[in-house]
>>> print(open('upload_21.txt').read())   # compact mmCIF, C-alpha atoms and all ligand atoms
# COMPACT_ATOMS: atom_id res chain seq x y z
CA MET L 1 19.73 123.03 175.41
CA ALA L 2 18.37 123.43 171.86
CA ARG L 3 16.04 120.62 170.78
CA PRO L 4 17.23 118.38 167.92
CA ASP L 5 13.69 118.06 166.55
CA TRP L 6 12.95 121.75 165.78
CA ASP L 7 10.60 121.85 162.78
CA PRO L 8 10.96 125.15 160.88
CA GLN L 9 7.70 124.45 159.08
CA HIS L 10 5.72 124.15 162.32
CA LEU L 11 6.67 127.08 164.50
CA PRO L 12 5.29 127.62 167.99
CA ASP L 13 2.20 129.82 168.26
CA LEU L 14 3.44 133.40 168.04
CA HIS L 15 0.17 135.26 168.63
CA GLU L 16 0.74 138.07 171.15
CA ARG L 17 4.38 138.31 170.03
CA SER L 18 5.78 141.17 168.02
CA TYR L 19 9.00 141.37 166.04
CA LEU L 20 10.82 143.91 163.90
CA VAL L 21 12.64 142.78 160.76
CA THR L 22 15.08 145.01 158.86
CA GLY L 23 15.30 144.60 155.09
CA ALA L 24 11.91 142.89 155.15
CA ASN L 25 10.94 143.73 151.57
CA ALA L 26 13.11 141.11 149.88
CA GLY L 27 15.20 137.98 150.30
CA LEU L 28 15.71 136.45 153.73
CA GLY L 29 14.03 139.37 155.47
CA TYR L 30 10.84 138.89 153.48
CA PHE L 31 10.70 135.12 154.07
CA SER L 32 11.48 135.53 157.77
CA THR L 33 8.63 138.02 158.01
CA GLU L 34 6.29 135.63 156.23
CA GLN L 35 7.21 132.71 158.50
CA LEU L 36 6.74 134.83 161.64
CA ALA L 37 3.41 136.19 160.39
CA ARG L 38 2.13 132.71 159.46
CA ALA L 39 2.75 131.65 163.05
CA GLY L 40 0.60 134.53 164.27
CA ALA L 41 3.22 137.14 165.20
CA HIS L 42 2.75 140.84 164.65
CA VAL L 43 5.64 141.96 162.44
CA PHE L 44 7.02 145.41 161.79
CA MET L 45 8.29 145.04 158.22
CA THR L 46 10.94 147.65 157.70
CA GLY L 47 12.75 148.74 154.57
CA ARG L 48 14.44 151.76 153.06
CA HIS L 49 12.22 152.25 150.02
CA PRO L 50 8.47 153.00 150.35
CA ASN L 51 7.43 151.40 147.03
CA ARG L 52 9.43 148.22 147.58
CA LEU L 53 8.10 147.97 151.11
CA ALA L 54 4.50 148.46 149.97
CA ALA L 55 4.90 145.83 147.22
CA ALA L 56 6.30 143.32 149.71
CA ARG L 57 3.49 143.99 152.19
CA ARG L 58 0.91 143.45 149.44
CA ALA L 59 2.62 140.20 148.42
CA LEU L 60 2.67 139.01 152.02
CA LEU L 61 -1.03 139.75 152.47
CA ARG L 62 -1.80 137.84 149.26
CA ARG L 63 0.06 134.81 150.59
CA VAL L 64 -0.98 135.13 154.25
CA PRO L 65 -4.30 137.02 154.23
CA ASP L 66 -4.64 137.14 158.02
CA ALA L 67 -1.06 138.35 158.58
CA SER L 68 -0.67 141.09 161.15
CA VAL L 69 2.00 143.35 159.65
CA GLU L 70 2.83 147.03 159.68
CA SER L 71 5.39 148.63 157.44
CA LEU L 72 7.87 151.22 158.60
CA LEU L 73 10.61 153.05 156.73
CA LEU L 74 14.06 152.29 158.10
CA ASP L 75 17.30 152.85 156.21
CA THR L 76 20.03 151.16 158.24
CA SER L 77 22.74 153.22 156.54
CA ASN L 78 21.25 156.44 157.92
CA LEU L 79 21.46 157.04 161.67
CA GLY L 80 18.67 159.64 161.54
CA SER L 81 16.37 157.11 159.91
CA VAL L 82 17.31 154.51 162.53
CA ARG L 83 16.56 156.94 165.37
CA ALA L 84 13.20 157.92 163.84
CA ALA L 85 12.10 154.31 163.32
CA ALA L 86 13.18 153.35 166.86
CA ALA L 87 11.23 156.30 168.30
CA SER L 88 8.15 155.20 166.40
CA ILE L 89 8.45 151.64 167.73
CA ARG L 90 9.09 152.84 171.29
CA SER L 91 5.92 154.93 171.20
CA ARG L 92 3.88 151.82 170.36
CA GLY L 93 5.49 149.77 173.15
CA GLY L 94 6.13 146.04 173.25
CA LEU L 95 8.69 144.23 171.14
CA ASP L 96 9.76 140.62 171.62
CA GLY L 97 12.53 140.51 169.11
CA LEU L 98 14.63 142.25 166.52
CA LEU L 99 15.88 140.56 163.35
CA LEU L 100 18.86 142.62 162.22
CA ASN L 101 18.90 141.31 158.67
CA ALA L 102 19.22 144.17 156.16
CA GLY L 103 22.42 144.15 154.20
CA ILE L 104 24.31 145.16 151.12
CA VAL L 105 25.46 141.88 149.59
CA HIS L 106 27.00 143.38 146.44
CA PRO L 107 29.11 146.30 147.67
CA PRO L 108 30.01 149.17 145.35
CA ALA L 109 33.27 148.94 143.38
CA GLN L 110 34.64 152.05 145.07
CA ARG L 111 34.44 153.04 148.73
CA GLU L 112 31.36 155.16 149.50
CA GLN L 113 30.58 157.09 152.63
CA THR L 114 27.22 157.75 154.29
CA GLN L 115 26.05 161.21 155.33
CA ASP L 116 27.06 160.24 158.89
CA GLY L 117 30.64 159.80 157.66
CA ASN L 118 30.85 155.99 157.80
CA GLU L 119 31.84 153.49 155.12
CA LEU L 120 28.58 152.47 153.43
CA VAL L 121 28.71 148.67 153.79
CA LEU L 122 29.83 148.71 157.43
CA ALA L 123 27.20 151.37 158.14
CA THR L 124 24.36 149.44 156.47
CA ASN L 125 25.18 145.94 157.65
CA ALA L 126 26.59 146.52 161.13
CA LEU L 127 26.53 150.08 162.52
CA GLY L 128 22.87 150.82 161.75
CA HIS L 129 21.91 147.60 163.52
CA TYR L 130 24.09 148.42 166.52
CA ALA L 131 22.31 151.81 166.69
CA LEU L 132 18.84 150.29 166.26
CA ALA L 133 19.34 147.63 168.92
CA GLY L 134 20.75 150.25 171.31
CA ALA L 135 17.83 152.60 170.72
CA LEU L 136 15.35 149.78 171.40
CA LEU L 137 17.17 148.24 174.35
CA THR L 138 14.73 149.29 177.07
CA THR L 139 11.73 148.32 174.90
CA LEU L 140 13.19 144.86 174.33
CA ALA L 141 14.06 144.50 178.02
CA GLU L 142 10.41 145.08 178.95
CA ALA L 143 9.55 141.85 177.10
CA SER L 144 12.76 139.96 178.04
CA GLY L 145 13.30 140.00 174.30
CA ARG L 146 15.93 138.85 171.90
CA MET L 147 18.02 140.35 169.11
CA VAL L 148 19.36 138.33 166.20
CA TRP L 149 22.31 139.48 164.12
CA VAL L 150 22.84 137.99 160.66
CA GLY L 151 26.37 136.75 160.08
CA SER L 152 27.82 134.73 157.24
CA LEU L 153 29.96 131.69 156.50
CA SER L 154 32.33 134.10 154.73
CA THR L 155 33.62 135.07 158.18
CA THR L 156 35.35 131.69 158.38
CA ILE L 157 37.55 132.28 155.33
CA SER L 158 39.05 135.66 155.96
CA PRO L 159 41.57 136.94 158.52
CA TYR L 160 40.63 140.13 160.34
CA ASP L 161 42.31 142.80 162.40
CA PRO L 162 40.26 145.99 162.86
CA VAL L 163 43.11 148.41 162.21
CA ASP L 164 41.13 150.02 159.36
CA PRO L 165 37.49 149.17 160.17
CA GLN L 166 36.16 151.93 157.92
CA LEU L 167 38.40 150.74 155.05
CA VAL L 168 39.76 154.22 154.41
CA ASP L 169 43.00 152.85 152.90
CA THR L 170 42.18 149.20 152.19
CA TYR L 171 38.75 149.13 150.51
CA THR L 172 37.79 146.34 148.14
CA PRO L 173 34.15 145.24 147.66
CA TRP L 174 34.87 141.72 148.98
CA ARG L 175 36.74 143.04 152.03
CA ALA L 176 33.92 145.50 152.72
CA TYR L 177 31.36 142.69 152.73
CA VAL L 178 33.33 140.19 154.79
CA GLN L 179 34.50 142.76 157.32
CA SER L 180 30.94 144.02 157.74
CA LYS L 181 29.76 140.47 158.44
CA ILE L 182 32.61 139.84 160.86
CA ALA L 183 31.74 143.11 162.60
CA THR L 184 28.04 142.14 162.71
CA SER L 185 28.80 138.73 164.25
CA VAL L 186 31.38 140.08 166.68
CA LEU L 187 28.97 142.78 167.87
CA GLY L 188 26.23 140.17 168.26
CA PHE L 189 28.34 137.95 170.52
CA GLU L 190 29.76 140.92 172.42
CA ALA L 191 26.26 142.30 172.95
CA ASP L 192 25.29 139.07 174.70
CA ARG L 193 28.35 139.22 176.99
CA ARG L 194 27.66 142.86 177.87
CA LEU L 195 23.92 142.32 178.41
CA ARG L 196 24.62 139.43 180.80
CA GLU L 197 27.25 141.40 182.67
CA ALA L 198 24.86 144.33 183.09
CA GLY L 199 21.99 142.05 184.19
CA VAL L 200 19.73 143.04 181.28
CA ALA L 201 16.95 140.57 180.43
CA ILE L 202 17.73 140.43 176.70
CA SER L 203 19.59 137.74 174.80
CA SER L 204 21.67 138.30 171.70
CA VAL L 205 22.06 135.52 169.12
CA VAL L 206 23.94 135.33 165.81
CA ALA L 207 22.45 133.39 162.89
CA HIS L 208 23.49 132.73 159.31
CA PRO L 209 21.49 131.49 156.28
CA GLY L 210 24.14 129.30 154.65
CA TYR L 211 24.14 129.90 150.92
CA SER L 212 20.69 131.05 149.82
CA THR L 213 20.04 132.35 146.33
CA SER L 214 17.10 134.07 144.68
CA GLY L 215 17.26 131.74 141.66
CA ARG L 216 16.50 128.80 143.99
CA THR L 217 13.62 130.73 145.59
CA PRO L 218 9.91 130.79 144.63
CA GLY L 219 9.01 133.72 142.40
CA ILE L 220 6.85 136.29 144.16
CA HIS L 221 5.71 139.40 142.34
CA GLY L 222 7.29 142.47 143.94
CA VAL L 223 9.61 140.40 146.13
CA ASN L 224 11.60 137.86 144.16
CA GLU L 225 11.65 138.04 140.37
CA PRO L 226 14.94 136.54 139.17
CA THR L 227 15.74 136.51 135.46
CA ARG L 228 15.80 133.21 133.52
CA THR L 229 19.58 133.41 133.42
CA LYS L 230 19.76 133.86 137.20
CA ARG L 231 17.48 130.85 137.68
CA PHE L 232 19.62 128.78 135.31
CA VAL L 233 22.91 129.74 136.96
CA ASP L 234 21.58 129.31 140.50
CA ASN L 235 20.09 125.93 139.66
CA LEU L 236 23.54 124.74 138.60
CA GLN L 237 24.44 125.19 142.28
CA ALA L 238 21.53 123.09 143.51
CA ALA L 239 23.83 120.63 145.29
CA PHE L 240 25.01 123.22 147.78
CA ALA L 241 22.64 126.19 147.54
CA GLN L 242 19.16 126.59 148.97
CA SER L 243 16.22 128.96 148.63
CA LYS L 244 15.93 132.13 150.67
CA GLU L 245 12.76 130.64 152.12
CA HIS L 246 14.87 127.89 153.68
CA GLY L 247 17.72 130.31 154.39
CA ALA L 248 15.31 132.21 156.63
CA TRP L 249 14.83 129.13 158.87
CA PRO L 250 17.91 129.65 161.04
CA LEU L 251 17.14 133.37 161.40
CA VAL L 252 13.61 132.63 162.54
CA ARG L 253 14.67 129.81 164.85
CA ALA L 254 17.29 132.07 166.42
CA LEU L 255 14.54 134.63 167.04
CA VAL L 256 11.73 132.47 168.41
CA ASP L 257 13.02 129.15 169.76
CA PRO L 258 12.88 129.55 173.57
CA ASP L 259 15.62 126.94 173.96
CA ILE L 260 18.23 128.91 172.01
CA GLU L 261 20.57 130.52 174.52
CA GLY L 262 22.05 134.00 174.25
CA GLY L 263 25.48 133.88 172.63
CA SER L 264 24.50 130.96 170.36
CA PHE L 265 25.23 130.71 166.65
CA VAL L 266 22.43 129.20 164.53
CA GLY L 267 22.81 128.03 160.93
CA PRO L 268 21.87 125.29 158.45
CA ARG L 269 22.84 121.75 159.48
CA ALA L 270 25.06 121.18 156.42
CA GLY L 271 26.67 124.62 156.62
CA MET L 272 25.41 125.99 153.33
CA ARG L 273 21.96 124.41 153.45
CA GLY L 274 19.64 122.39 155.60
CA ARG L 275 17.53 122.50 158.73
CA PRO L 276 18.47 125.08 161.37
CA VAL L 277 20.76 123.89 164.18
CA VAL L 278 23.14 125.41 166.71
CA ALA L 279 26.52 125.69 164.97
CA LYS L 280 30.08 126.59 165.87
CA PRO L 281 31.15 130.14 165.02
CA SER L 282 34.59 130.95 163.60
CA ARG L 283 37.50 131.79 165.92
CA ILE L 284 37.65 135.39 164.69
CA VAL L 285 34.08 136.25 165.58
CA ARG L 286 34.55 134.80 169.07
CA SER L 287 37.65 136.91 169.79
CA THR L 288 36.97 139.12 172.83
CA ASP L 289 39.94 141.32 171.91
CA ILE L 290 38.45 142.12 168.49
CA ALA L 291 35.05 142.50 170.15
CA ASP L 292 36.30 145.14 172.62
CA ARG L 293 37.87 147.13 169.81
CA LEU L 294 34.88 146.87 167.49
CA TRP L 295 32.40 147.80 170.20
CA HIS L 296 34.39 150.97 170.71
CA VAL L 297 34.40 151.59 166.92
CA ALA L 298 30.59 151.21 166.88
CA GLU L 299 30.13 153.57 169.85
CA GLU L 300 32.29 156.22 168.22
CA ALA L 301 30.85 155.84 164.71
CA THR L 302 27.23 156.02 165.86
CA ARG L 303 27.84 158.37 168.79
CA LEU L 304 25.65 156.05 170.80
CA ARG L 305 26.35 154.10 173.98
CA TRP L 306 23.86 151.39 174.81
CA PRO L 307 21.76 152.30 177.90
CA PHE L 308 22.66 149.15 179.85
CA THR L 309 21.88 150.65 183.27
CA ALA L 310 18.43 151.89 182.23
CA ALA L 311 17.64 148.58 180.51
CA ALA L 312 18.72 146.58 183.58
CA LYS L 313 16.16 148.49 185.69
CA VAL L 314 13.34 147.55 183.31
CA GLY L 315 11.70 144.24 184.07
CA PRO L 316 9.22 142.28 182.00
CA ALA L 317 5.95 144.28 181.75
N1 LIG L 401 21.85 135.02 150.80
C1 LIG L 401 22.89 134.45 151.38
O1 LIG L 401 23.36 133.38 150.99
C2 LIG L 401 23.52 135.11 152.57
C3 LIG L 401 24.62 134.49 153.16
C4 LIG L 401 25.17 135.03 154.30
C5 LIG L 401 24.61 136.18 154.86
N2 LIG L 401 23.56 136.78 154.26
C6 LIG L 401 23.02 138.00 154.88
O2 LIG L 401 21.62 137.93 154.94
C7 LIG L 401 21.07 139.25 154.86
C8 LIG L 401 19.99 139.30 153.78
O3 LIG L 401 20.58 138.86 152.56
P1 LIG L 401 19.69 138.48 151.30
O4 LIG L 401 20.37 137.34 150.63
O5 LIG L 401 18.27 138.34 151.70
O6 LIG L 401 19.90 139.79 150.40
P2 LIG L 401 18.88 140.57 149.47
O7 LIG L 401 17.92 139.65 148.84
O8 LIG L 401 19.75 141.45 148.63
O9 LIG L 401 18.06 141.47 150.51
C9 LIG L 401 18.71 142.47 151.22
C10 LIG L 401 17.68 143.28 151.97
O10 LIG L 401 18.39 144.30 152.70
C11 LIG L 401 17.81 145.55 152.34
N3 LIG L 401 18.72 146.67 152.46
C12 LIG L 401 19.88 146.91 151.81
N4 LIG L 401 20.38 148.10 152.19
C13 LIG L 401 19.53 148.61 153.12
C14 LIG L 401 19.48 149.80 153.88
N5 LIG L 401 20.41 150.75 153.78
N6 LIG L 401 18.46 149.97 154.75
C15 LIG L 401 17.49 149.04 154.87
N7 LIG L 401 17.45 147.90 154.16
C16 LIG L 401 18.47 147.70 153.28
C17 LIG L 401 17.35 145.37 150.90
O11 LIG L 401 16.44 146.39 150.58
P3 LIG L 401 16.34 146.95 149.07
O12 LIG L 401 15.45 145.97 148.35
O13 LIG L 401 15.73 148.29 149.27
O14 LIG L 401 17.72 146.98 148.50
C18 LIG L 401 16.71 143.99 151.03
O15 LIG L 401 15.46 144.08 151.63
C19 LIG L 401 22.24 140.19 154.60
O16 LIG L 401 22.64 140.77 155.81
C20 LIG L 401 23.33 139.25 154.08
O17 LIG L 401 24.63 139.71 154.37
C21 LIG L 401 23.00 136.28 153.12
>>> encode(input="upload_21.txt", output="C-alpha cells", more="lines below")
Ligand SMILES: NC(=O)c1ccc[n+]([C@@H]2O[C@H](COP(=O)([O-])OP(=O)(O)OC[C@H]3O[C@@H](n4cnc5c(N)ncnc54)[C@H](OP(=O)(O)O)[C@@H]3O)[C@@H](O)[C@H]2O)c1
Amino acid sequence: MARPDWDPQHLPDLHERSYLVTGANAGLGYFSTEQLARAGAHVFMTGRHPNRLAAARRALLRRVPDASVESLLLDTSNLGSVRAAAASIRSRGGLDGLLLNAGIVHPPAQREQTQDGNELVLATNALGHYALAGALLTTLAEASGRMVWVGSLSTTISPYDPVDPQLVDTYTPWRAYVQSKIATSVLGFEADRRLREAGVAISSVVAHPGYSTSGRTPGIHGVNEPTRTKRFVDNLQAAFAQSKEHGAWPLVRALVDPDIEGGSFVGPRAGMRGRPVVAKPSRIVRSTDIADRLWHVAEEATRLRWPFTAAAKVGPA
C-alpha cells in the first residue's frame, strides 16, 4: 500500500542504486535525473544528441556537484541505437530501474517513418522503450528492478482501436501523440501482467506528469531556456499547470518508492498538478484486449520478443 505521506523533496537514500533515464537532457527527464542524483543514485543520463547531453550533464554537475552521473547516447527512435546502449549498460552490470521518459511532444505535421520502417512518434515514444526494456530485462531482474513508462492524461480523452497503429492511413499530429501515449501506457500495464505471469522479479509501473510546462520551470542554461513569450503564456496557465521539476515527482516516485506496486499508475494529486499519488488509469489503457494486440504490434515492429524465461531464471545478485 502506497504511503499517503510521500515527500518528493525528501527521497529515500539512493546510494548504491543505479537508474537509466531516457531523454535526460531536458524537461522531465532532466529533473528526474537531478532528483535521483541528489538522493545519491548513480544515473545513466541518456539522450540522442551529444552536445545537448553534454550541456545537461554540465548543468547537473553545477547544481549537484557530487552527482554520480554518466552520459550515454540513446536515440529511442532508432533500434540500432537502443541495442547499442543496452549492450553498453549490460556490460557494466547492475541496474535498479529504467525511466522510459523520452518523447516527441510536438509531432511533425506529416507522417514520418524511421529507418526501421516505423511511424516516428510511435517509434520514439513507445517502440524504442519496449525494445530497451526488453534488451535490459535480465539486467533488471538481477536487481529485482523496476521500469516506469511515461503516460499522459491525454489518454483519457481519446478513443482508441489499434487497427492502424502505425497511422499509415490516419495520421494527424494529435492522433500520433495520443496513440503513442496510449500505446506506452498499455505496454507498461501489459508488461507488468506478463512479468508476473512469467515469475520475473521486475515490476512495471506507469506514471504521468500532469500538465508541466517549461515556462513554469526554473531556467537552467543548456536545459531549460524558454523565451519571454513562452514564460508569459505559460504563466497565464498557472492555475492548472506546474513546473517540469514538479512534473518529475510522480515519475521519480514511481521509480523509487518501494511501496508502489507493479501495475500501478502514479500521477499528481490534482490530475494536472500536485504531489505524486497513486491514481486511476483510463479504461482504454487497462484494456487487456488492446494490450494483447499492441504487444504483438511491438514484437513485430521491433523484431524483439522479451526474454521472459531467461529473466525468470535470474535472481537478485
Ligand atoms: N510536459 C507534460 O505536461 C507532459 C504531459 C504528459 C506526458 N508527458 C511525457 O513526458 C515525457 C517528457 O516530456 P517533456 O515535457 O519533458 O518534453 P521535452 O521537454 O520536450 O523533453 C523531451 C525529451 O525527450 C527527448 N527525445 C525526443 N526524441 C528523442 C529520441 N528519438 N531519442 C531520445 N530522446 C528523445 C528530448 O531530447 P532532445 O532535446 O534531443 O529533443 C528531450 O530530452 C514525454 O514522454 C511526454 O510525452 C509530458
>>> atom_distance(input="upload_21.txt", atom1="atom CA of L:Val278", atom2="atom CA of L:Met147")
16.0 Å
>>> closest_residue(input="upload_21.txt", among="L:Leu28, L:Leu304, L:Val277, L:Ala201", to="L:Lys244", atoms="only C-alpha atoms")
L:Leu28
>>> residues_around(input="upload_21.txt", residues="L:Ala207", least_positions_apart="3", cutoff="8 Å", atoms="only C-alpha atoms", output="compact mmCIF listing (two decimals) with C-alpha atoms, in the coordinates of the input")
# COMPACT_ATOMS: atom_id res chain seq x y z
CA VAL L 148 19.36 138.33 166.20
CA TRP L 149 22.31 139.48 164.12
CA VAL L 150 22.84 137.99 160.66
CA GLY L 151 26.37 136.75 160.08
CA SER L 152 27.82 134.73 157.24
CA PRO L 250 17.91 129.65 161.04
CA LEU L 251 17.14 133.37 161.40
CA ALA L 254 17.29 132.07 166.42
CA PHE L 265 25.23 130.71 166.65
CA VAL L 266 22.43 129.20 164.53
CA GLY L 267 22.81 128.03 160.93
>>> residues_around(input="upload_21.txt", residues="L:Leu167", least_positions_apart="6", cutoff="12 Å", atoms="only C-alpha atoms", output="ChimeraX atom specification")
/L:110-113,118-123,161,173-180
>>> residues_around(input="upload_21.txt", residues="L:Ala87", least_positions_apart="3", cutoff="12 Å", atoms="all atoms listed in the file", output="ChimeraX atom specification")
/L:72,74,80-84,90-93,132-139
>>> write_last_selection(input="upload_21.txt", atoms="C-alpha atoms", output="compact mmCIF listing (two decimals), in the frame of the given file")
# COMPACT_ATOMS: atom_id res chain seq x y z
CA LEU L 72 7.87 151.22 158.60
CA LEU L 74 14.06 152.29 158.10
CA GLY L 80 18.67 159.64 161.54
CA SER L 81 16.37 157.11 159.91
CA VAL L 82 17.31 154.51 162.53
CA ARG L 83 16.56 156.94 165.37
CA ALA L 84 13.20 157.92 163.84
CA ARG L 90 9.09 152.84 171.29
CA SER L 91 5.92 154.93 171.20
CA ARG L 92 3.88 151.82 170.36
CA GLY L 93 5.49 149.77 173.15
CA LEU L 132 18.84 150.29 166.26
CA ALA L 133 19.34 147.63 168.92
CA GLY L 134 20.75 150.25 171.31
CA ALA L 135 17.83 152.60 170.72
CA LEU L 136 15.35 149.78 171.40
CA LEU L 137 17.17 148.24 174.35
CA THR L 138 14.73 149.29 177.07
CA THR L 139 11.73 148.32 174.90
>>> atom_distance(input="upload_21.txt", atom1="atom CA of L:Gly219", atom2="atom CA of L:Pro107")
24.3 Å
>>> residues_around(input="upload_21.txt", residues="L:Ile157", least_positions_apart="2", cutoff="10 Å", atoms="all atoms listed in the file", output="PyMOL selection string")
chain L and resi 153-155+159-160+178+282+284
>>> axis_aligned_box(input="upload_21.txt", around="ligand LIG 401 (chain L)", padding_each_side="6 Å", output="AutoDock Vina command-line options")
--center_x 20.3 --center_y 142.1 --center_z 152.1 --size_x 21.7 --size_y 29.4 --size_z 19.5
>>> residues_around(input="upload_21.txt", residues="L:His221", least_positions_apart="5", cutoff="12 Å", atoms="all atoms listed in the file", output="PyMOL selection string")
chain L and resi 25-26+52+54-60+62-63+226
>>> closest_residue(input="upload_21.txt", among="L:Glu300, L:Ile104, L:Thr33, L:Val205", to="L:Asp259", atoms="only C-alpha atoms")
L:Val205
>>> closest_residue(input="upload_21.txt", among="L:Ser68, L:Ser144, L:Thr76, L:Thr227", to="ligand LIG 401 (chain L)", atoms="only C-alpha atoms and all ligand atoms")
L:Thr76
>>> atom_distance(input="upload_21.txt", atom1="atom CA of L:Ser214", atom2="atom CA of L:Gly29")
12.4 Å
>>> closest_residue(input="upload_21.txt", among="L:Asn235, L:Asn78, L:Gln35, L:Asn101", to="L:Thr22", atoms="all atoms listed in the file")
L:Asn101
>>> closest_residue(input="upload_21.txt", among="L:Met1, L:Val223, L:Leu187, L:Leu195", to="ligand LIG 401 (chain L)", atoms="only C-alpha atoms and all ligand atoms")
L:Val223
